[in-house]
Amino acid sequence: MKQAQPLSITGGTLITPGGPVEGTLRCDDGVITAVGNDAASGDGDQVLDAKGKFVVAGIVDLGVFAIDKPAFHFGGITRAGLMPALSPPLDYPARVRFMAQSGKPDLWVHPLAAATKGLEGEQLAEIAMMRDAGARAIATGRKWIRDSGVMHRLLQYAAMLDMVVVTHAEDSGLAGNAAATASEMATRMGIPSAPKEAETLALARDIALAEMSGARIHARQVTTRAGLQLVRQAKQRGVSITAGVTPAHFMLSDLAMGDYRTFTRLSPPLREEDDRQAVIEAIGDGTIDVIASGHDPRGPEDKNLPFADAAPGMAGAETLLAMTLTLVRDGVIDMTRAFDLLARNPASLLGVEAGSLAAGKEADIALLDSEEPWVVDSREMAAAAGNTPFDRQPVQGRVTALWKGGVAIDL
Amino acid sequence: MTSPQNTSTGSRFPQGGQAFPHRDLIGISSLERHEILYLLAEAENYVAFNRQAAKHSDQLAGLTIINAFFENSTRTLLSFEIAGKRLGADVVNMHAAQSSVKKGETLIDTAVTLNAMHADAIVIRHGSSGAVGLIASKVDCPVLNAGDGQHEHPTQALLDALALRHKLRDLGHDSEDFTGLTVTICGDILHSRVARSNILCLQAMGATVRLCAPPALMPAGIERMGGVVFHDFDAALKDTDVVMMLRLQNERMDGQFIPSPREYRHLYGLTPERLALARPDAIVMHPGPMNRGVEIDSTVADNADRAIITSQVEMGVAIRMACLDVLTRKARGVPGWGQAEAGGEWV
């Protein structure tokens, strides 16, 4: 579906990469053509009054585990970077090509190529062919690649292809079958747990290998103080590393696992309060580049089980924006940086011309009422399953209108 | 022969159901000190009862108790079965090995199935922490935790407390609780639900708890549950009044956690020489089954003056009778336990 008529959105606060701008946003033929004070709506434009709301870029959600359009649209997400850990995995060009088409026209899916065949961490997958079939990056899947030799060769190959490698930073030897971070909480509950240093070890190795190979790596979730410090130092040395996190790790500590609530069973697991604070600091100081939903809807057959037997993962797409806005309200970041984290930086990692309100970018646009109150309710989610760790939590802010390529999406 | 009295006469406890206002027994962590003492007081009645030649009561006649054991057990299952039968209940045992669990039925479906059979109490052992609480949330009758993963084993802690109290009484310490007592728990604390329940129970009763294990078998943050952590067993034993040894699974002594059984014995085996480091009349406990010659030497285990291991087994039946009795009082309409007449008066 193509944009039939030019669109001008007036009377809103535009969140542009340079900061908030009062004025008009105009897009034509699916592309943003003018932003800000000097932009004017043309004759024959459809004109929409934003009435003081925020006009923002559609969210680019880097690292989801399912294509769940109703949830993405509720959350203001217009593009999703799809993790290869599907069944079967995205380790084959034809599957990548199929998934790359699967959301169009109103949701663009950017598949991440499996780094290794079957995501087993042993043999390299056909990454170049998957790239040409539409893969925008490479991912190791839900797990860390245990064999350092394999990881080194993967990163060399990725550097040659100039594709970013999305990693899972959790040393598998230390992590074992753990379902929680080693802590008083896990001990009281009797849940198998692993020291948080599993993350530090994994990151240290991956950073060293990235330095050796010159590859770009994106640690999809960095959740501990020590891990974030490694990323910070690596960035200072000039290593091509970026880091991400999901709202779970800046909103919740491991105390949320109480009563064996399996919606809080995540990978990596929830950390202790000090690490939660460290994640917030790292979002504030720029160490963390991306906030993503990690959207992984899981039904009762995966979650209505004893804690350690349940599958990890949360349905996060609907709550991603509202949770990120809590950081704006708390003064950790401003609105501009919030959309750098949610849209501009992930778009840049994926190499897509979207994710910011600037002339020439794809007209993926959302209207945001940052004040509107609502309550997260696991029983009434748009997502394929309601496994949210934020159940019953009152939040503020939601998307009231959404456009993909200049075409309005029914919400 | 007489049935035991089930109404506590002393004023130490709140009246009726207030003395134990829980439907289920999932863990010691949810119990108040006076509730623990109440269960022990009720169990005292059954200790004497069980020593009679004819030991049968009809208190729970007509009630169906299901022992659903998803993990192998001999002694705990037997103990619960005997407890239910002595009180006159119809006791059925469900072994996971023979059940539809093996055919892929989910835990919730199993729980719903048991519930549909109108059990009056369900006793559950399961290999996953939190599983018993999960089942309890899906059924309409009292649920007793007979061990869930590495979480809790509350009746074990209660029977340990009862056995310890009896032994202390024999030694002339006629105190209701364990104030001033130092108890050292030694063994695989990491994987032990017995340890967790005992840490909570012993501390609630006033004891000081020491924990001793090699670092790999000591869980993170355990000191914040109140125990004092030791890795050197000899140091832990100094001035200890009670030594509670834990069983170490054989598969954990093959190099994964411990190099070998004899190396474990070298550092953590309770030998007569080591026991001599504790208080002169120190009491020895073990939840069983024992690895004789590994964590405990036979000369120590069989020392009737010191070891109360068989008493622990005896007290287990009494504790489980008390728990089944107390938890079914509401359903049985025992006066004061929550079944009001239409007029609002207690019958």
# chains A, B, ... in the order shown; residues from 1 in each chain; ligands from 1

$ interface_residues --of "chain B" --to "chain A" --cutoff "6 Å" --atoms "only C-alpha atoms" --output "NGL selection string"
:B and (129-131 or 150-151 or 220-221)

$ write_last_selection --atoms "C-alpha atoms" --output "CSV table (one decimal), in the first residue's frame"
chain,number,residue,atom,x,y,z
B,129,SER,CA,10.7,-25.3,43.7
B,130,GLY,CA,7.4,-23.7,43.9
B,131,ALA,CA,5.5,-26.6,42.3
B,150,GLN,CA,15.3,-26.9,46.7
B,151,HIS,CA,12.7,-24.8,48.4
B,220,ALA,CA,24.6,-17.3,47.5
B,221,GLY,CA,23.2,-14.9,50.1

$ closest_atom_pairs --of "range 144-192 of chain B" --to "range 64-86 of chain B" --cutoff "10 Å" --atoms "only C-alpha atoms" --output "JSON lines"
{"residue": "B:Leu144", "atom": "CA", "partner": "B:Asn67", "partner_atom": "CA", "distance": 9.3}
{"residue": "B:Ala146", "atom": "CA", "partner": "B:Thr76", "partner_atom": "CA", "distance": 7.3}
{"residue": "B:Gly147", "atom": "CA", "partner": "B:Glu71", "partner_atom": "CA", "distance": 9.1}
{"residue": "B:Asp148", "atom": "CA", "partner": "B:Glu71", "partner_atom": "CA", "distance": 9.2}
{"residue": "B:Gly149", "atom": "CA", "partner": "B:Glu71", "partner_atom": "CA", "distance": 9.4}
{"residue": "B:Thr155", "atom": "CA", "partner": "B:Thr76", "partner_atom": "CA", "distance": 9.4}
{"residue": "B:Gln156", "atom": "CA", "partner": "B:Thr76", "partner_atom": "CA", "distance": 8.8}

$ write_last_selection --atoms "N, CA and C atoms" --output "PDB file, in the first residue's frame"
ATOM      1  N   LEU B 144      -0.332 -30.140  51.601  1.00  0.00           N
ATOM      2  CA  LEU B 144       0.854 -30.230  52.458  1.00  0.00           C
ATOM      3  C   LEU B 144       2.077 -30.462  51.591  1.00  0.00           C
ATOM      4  N   ALA B 146       5.440 -31.929  50.911  1.00  0.00           N
ATOM      5  CA  ALA B 146       6.346 -32.987  51.374  1.00  0.00           C
ATOM      6  C   ALA B 146       7.707 -32.835  50.709  1.00  0.00           C
ATOM      7  N   GLY B 147       8.021 -31.612  50.293  1.00  0.00           N
ATOM      8  CA  GLY B 147       9.299 -31.334  49.661  1.00  0.00           C
ATOM      9  C   GLY B 147       9.112 -30.836  48.248  1.00  0.00           C
ATOM     10  N   ASP B 148       9.506 -29.578  47.983  1.00  0.00           N
ATOM     11  CA  ASP B 148       9.440 -29.062  46.611  1.00  0.00           C
ATOM     12  C   ASP B 148      10.813 -28.545  46.202  1.00  0.00           C
ATOM     13  N   GLY B 149      11.441 -29.273  45.308  1.00  0.00           N
ATOM     14  CA  GLY B 149      12.730 -28.866  44.756  1.00  0.00           C
ATOM     15  C   GLY B 149      13.732 -28.556  45.841  1.00  0.00           C
ATOM     16  N   THR B 155       7.529 -30.313  56.975  1.00  0.00           N
ATOM     17  CA  THR B 155       7.278 -31.317  58.018  1.00  0.00           C
ATOM     18  C   THR B 155       8.594 -31.905  58.528  1.00  0.00           C
ATOM     19  N   GLN B 156       9.628 -31.920  57.679  1.00  0.00           N
ATOM     20  CA  GLN B 156      10.932 -32.391  58.148  1.00  0.00           C
ATOM     21  C   GLN B 156      11.479 -31.455  59.230  1.00  0.00           C
TER      22      GLN B 156
END

$ select_by_dssp --residues "range 44-100 of chain B" --states "alpha helix (DSSP H)" --output "ChimeraX atom specification"
/B:44-50,75-86

$ residues_around --residues "range 29-40 of chain A" --least-positions-apart "6" --cutoff "8 Å" --atoms "only C-alpha atoms" --output "VMD selection string"
chain A and resid 2 to 6 8 14 21 to 23 357 to 363 404 to 407

$ residues_around --residues "Ile122 in chain B" --least-positions-apart "4" --cutoff "12 Å" --atoms "only C-alpha atoms" --output "number ranges by chain"
B: 23-26, 63-69, 80-81, 84, 90-94, 110-115, 117-118, 132-133, 135-136, 138-146, 323-324, 327-328

$ residues_around --residues "range 180-183 of chain B" --least-positions-apart "2" --cutoff "12 Å" --atoms "only C-alpha atoms" --output "ChimeraX atom specification"
/B:160-161,164-165,168,173,175,177-178,185-186,195,198-199,201-203,205-212,227-228,236-245,278-279,282-285

$ write_last_selection --atoms "N, CA and C atoms" --output "compact mmCIF listing (two decimals), in the first residue's frame"
# COMPACT_ATOMS: atom_id res chain seq x y z
N ASP B 160 12.10 -32.48 63.07
CA ASP B 160 13.43 -32.28 63.65
C ASP B 160 13.32 -31.49 64.96
N ALA B 161 12.49 -30.46 64.94
CA ALA B 161 12.32 -29.65 66.14
C ALA B 161 11.70 -30.47 67.28
N LEU B 164 14.27 -32.95 68.59
CA LEU B 164 15.28 -32.23 69.35
C LEU B 164 14.74 -31.82 70.73
N ARG B 165 13.51 -31.38 70.73
CA ARG B 165 12.90 -30.97 72.00
C ARG B 165 12.80 -32.16 72.97
N LEU B 168 16.27 -32.89 74.32
CA LEU B 168 16.69 -31.87 75.29
C LEU B 168 15.99 -32.10 76.62
N HIS B 173 16.83 -30.27 79.95
CA HIS B 173 16.54 -28.89 79.57
C HIS B 173 15.06 -28.81 79.24
N SER B 175 12.79 -26.74 78.19
CA SER B 175 12.40 -25.47 77.60
C SER B 175 11.56 -25.72 76.37
N ASP B 177 11.33 -23.76 73.74
CA ASP B 177 12.03 -23.41 72.49
C ASP B 177 13.53 -23.67 72.62
N PHE B 178 14.28 -23.14 71.67
CA PHE B 178 15.70 -23.47 71.56
C PHE B 178 16.61 -22.28 71.84
N ILE B 185 24.45 -27.10 60.86
CA ILE B 185 23.94 -27.91 59.75
C ILE B 185 25.08 -28.07 58.75
N CYS B 186 25.43 -29.30 58.44
CA CYS B 186 26.58 -29.53 57.58
C CYS B 186 26.20 -30.43 56.40
N ALA B 195 17.59 -28.17 54.65
CA ALA B 195 18.39 -27.12 55.29
C ALA B 195 17.60 -25.82 55.34
N ASN B 198 14.88 -25.95 57.90
CA ASN B 198 15.43 -26.00 59.25
C ASN B 198 16.05 -24.68 59.69
N ILE B 199 16.70 -23.98 58.75
CA ILE B 199 17.25 -22.67 59.10
C ILE B 199 16.13 -21.77 59.62
N CYS B 201 13.07 -22.67 60.73
CA CYS B 201 12.37 -23.19 61.90
C CYS B 201 13.22 -23.04 63.17
N LEU B 202 14.48 -23.43 63.06
CA LEU B 202 15.35 -23.36 64.25
C LEU B 202 15.51 -21.93 64.73
N GLN B 203 15.65 -21.01 63.78
CA GLN B 203 15.81 -19.61 64.17
C GLN B 203 14.53 -19.05 64.77
N MET B 205 12.63 -20.59 66.51
CA MET B 205 12.54 -21.12 67.87
C MET B 205 13.70 -20.66 68.74
N GLY B 206 14.50 -19.75 68.23
CA GLY B 206 15.49 -19.10 69.08
C GLY B 206 16.90 -19.63 68.97
N ALA B 207 17.14 -20.65 68.15
CA ALA B 207 18.47 -21.22 68.06
C ALA B 207 19.38 -20.36 67.19
N THR B 208 20.69 -20.49 67.41
CA THR B 208 21.69 -19.91 66.52
C THR B 208 22.07 -21.01 65.53
N VAL B 209 22.05 -20.69 64.25
CA VAL B 209 22.31 -21.71 63.24
C VAL B 209 23.65 -21.44 62.56
N ARG B 210 24.47 -22.48 62.51
CA ARG B 210 25.70 -22.42 61.73
C ARG B 210 25.52 -23.32 60.52
N LEU B 211 26.07 -22.90 59.41
CA LEU B 211 25.97 -23.67 58.18
C LEU B 211 27.38 -24.01 57.72
N CYS B 212 27.59 -25.26 57.36
CA CYS B 212 28.93 -25.67 56.95
C CYS B 212 28.86 -26.49 55.67
N GLY B 227 21.90 -17.59 58.87
CA GLY B 227 22.90 -18.57 59.28
C GLY B 227 24.30 -17.98 59.27
N VAL B 228 25.17 -18.54 60.09
CA VAL B 228 26.57 -18.14 60.08
C VAL B 228 27.31 -19.17 59.23
N ALA B 236 33.37 -25.06 62.77
CA ALA B 236 31.91 -24.95 62.95
C ALA B 236 31.44 -25.76 64.15
N LEU B 237 32.15 -26.87 64.43
CA LEU B 237 31.69 -27.76 65.50
C LEU B 237 31.98 -27.22 66.89
N LYS B 238 32.92 -26.31 66.99
CA LYS B 238 33.32 -25.81 68.31
C LYS B 238 32.10 -25.19 69.03
N ASP B 239 31.85 -25.66 70.25
CA ASP B 239 30.76 -25.17 71.10
C ASP B 239 29.37 -25.42 70.52
N THR B 240 29.27 -26.37 69.59
CA THR B 240 27.97 -26.67 69.01
C THR B 240 27.19 -27.63 69.91
N ASP B 241 25.90 -27.35 70.07
CA ASP B 241 25.04 -28.21 70.88
C ASP B 241 24.41 -29.33 70.05
N VAL B 242 24.17 -29.02 68.78
CA VAL B 242 23.49 -29.98 67.91
C VAL B 242 24.21 -30.00 66.56
N VAL B 243 24.46 -31.20 66.05
CA VAL B 243 25.04 -31.33 64.71
C VAL B 243 24.01 -32.01 63.82
N MET B 244 23.60 -31.32 62.78
CA MET B 244 22.63 -31.88 61.85
C MET B 244 23.35 -32.13 60.53
N MET B 245 23.50 -33.40 60.21
CA MET B 245 24.20 -33.75 58.97
C MET B 245 23.18 -33.91 57.85
N ALA B 278 32.71 -30.85 69.44
CA ALA B 278 31.48 -30.16 69.82
C ALA B 278 31.32 -30.22 71.34
N ARG B 279 30.20 -29.68 71.82
CA ARG B 279 29.90 -29.76 73.25
C ARG B 279 29.89 -31.22 73.71
N ALA B 282 26.75 -33.13 72.88
CA ALA B 282 26.15 -32.66 71.62
C ALA B 282 25.28 -33.74 70.99
N ILE B 283 24.17 -33.28 70.43
CA ILE B 283 23.18 -34.18 69.83
C ILE B 283 23.45 -34.28 68.33
N VAL B 284 23.29 -35.50 67.79
CA VAL B 284 23.55 -35.74 66.37
C VAL B 284 22.23 -36.06 65.66
N MET B 285 22.01 -35.36 64.55
CA MET B 285 20.77 -35.59 63.78
C MET B 285 21.12 -35.85 62.31

$ residues_around --residues "range 339-355 of chain A" --least-positions-apart "5" --cutoff "9 Å" --atoms "only C-alpha atoms" --output "PyMOL selection string"
chain A and resi 15-17+56-62+77+79+81+110+136-137+163-164+218+242+244+283+288-292+320-321+324+334+360-365

$ residues_around --residues "range 13-20 of chain B" --least-positions-apart "2" --cutoff "7 Å" --atoms "only C-alpha atoms" --output "list in words"
Ser11, His22, His34, Glu35, Tyr38, Gly336, Trp337 and Gly338 of chain B

$ atom_distance --atom1 "CA of Leu86 in chain A" --atom2 "CA of Phe250 in chain A"
26.4 Å

$ select_by_dssp --residues "range 281-406 of chain A" --states "strand (DSSP E or B)" --output "PyMOL selection string"
chain A and resi 290-291+295+314+362+365-375+394-404
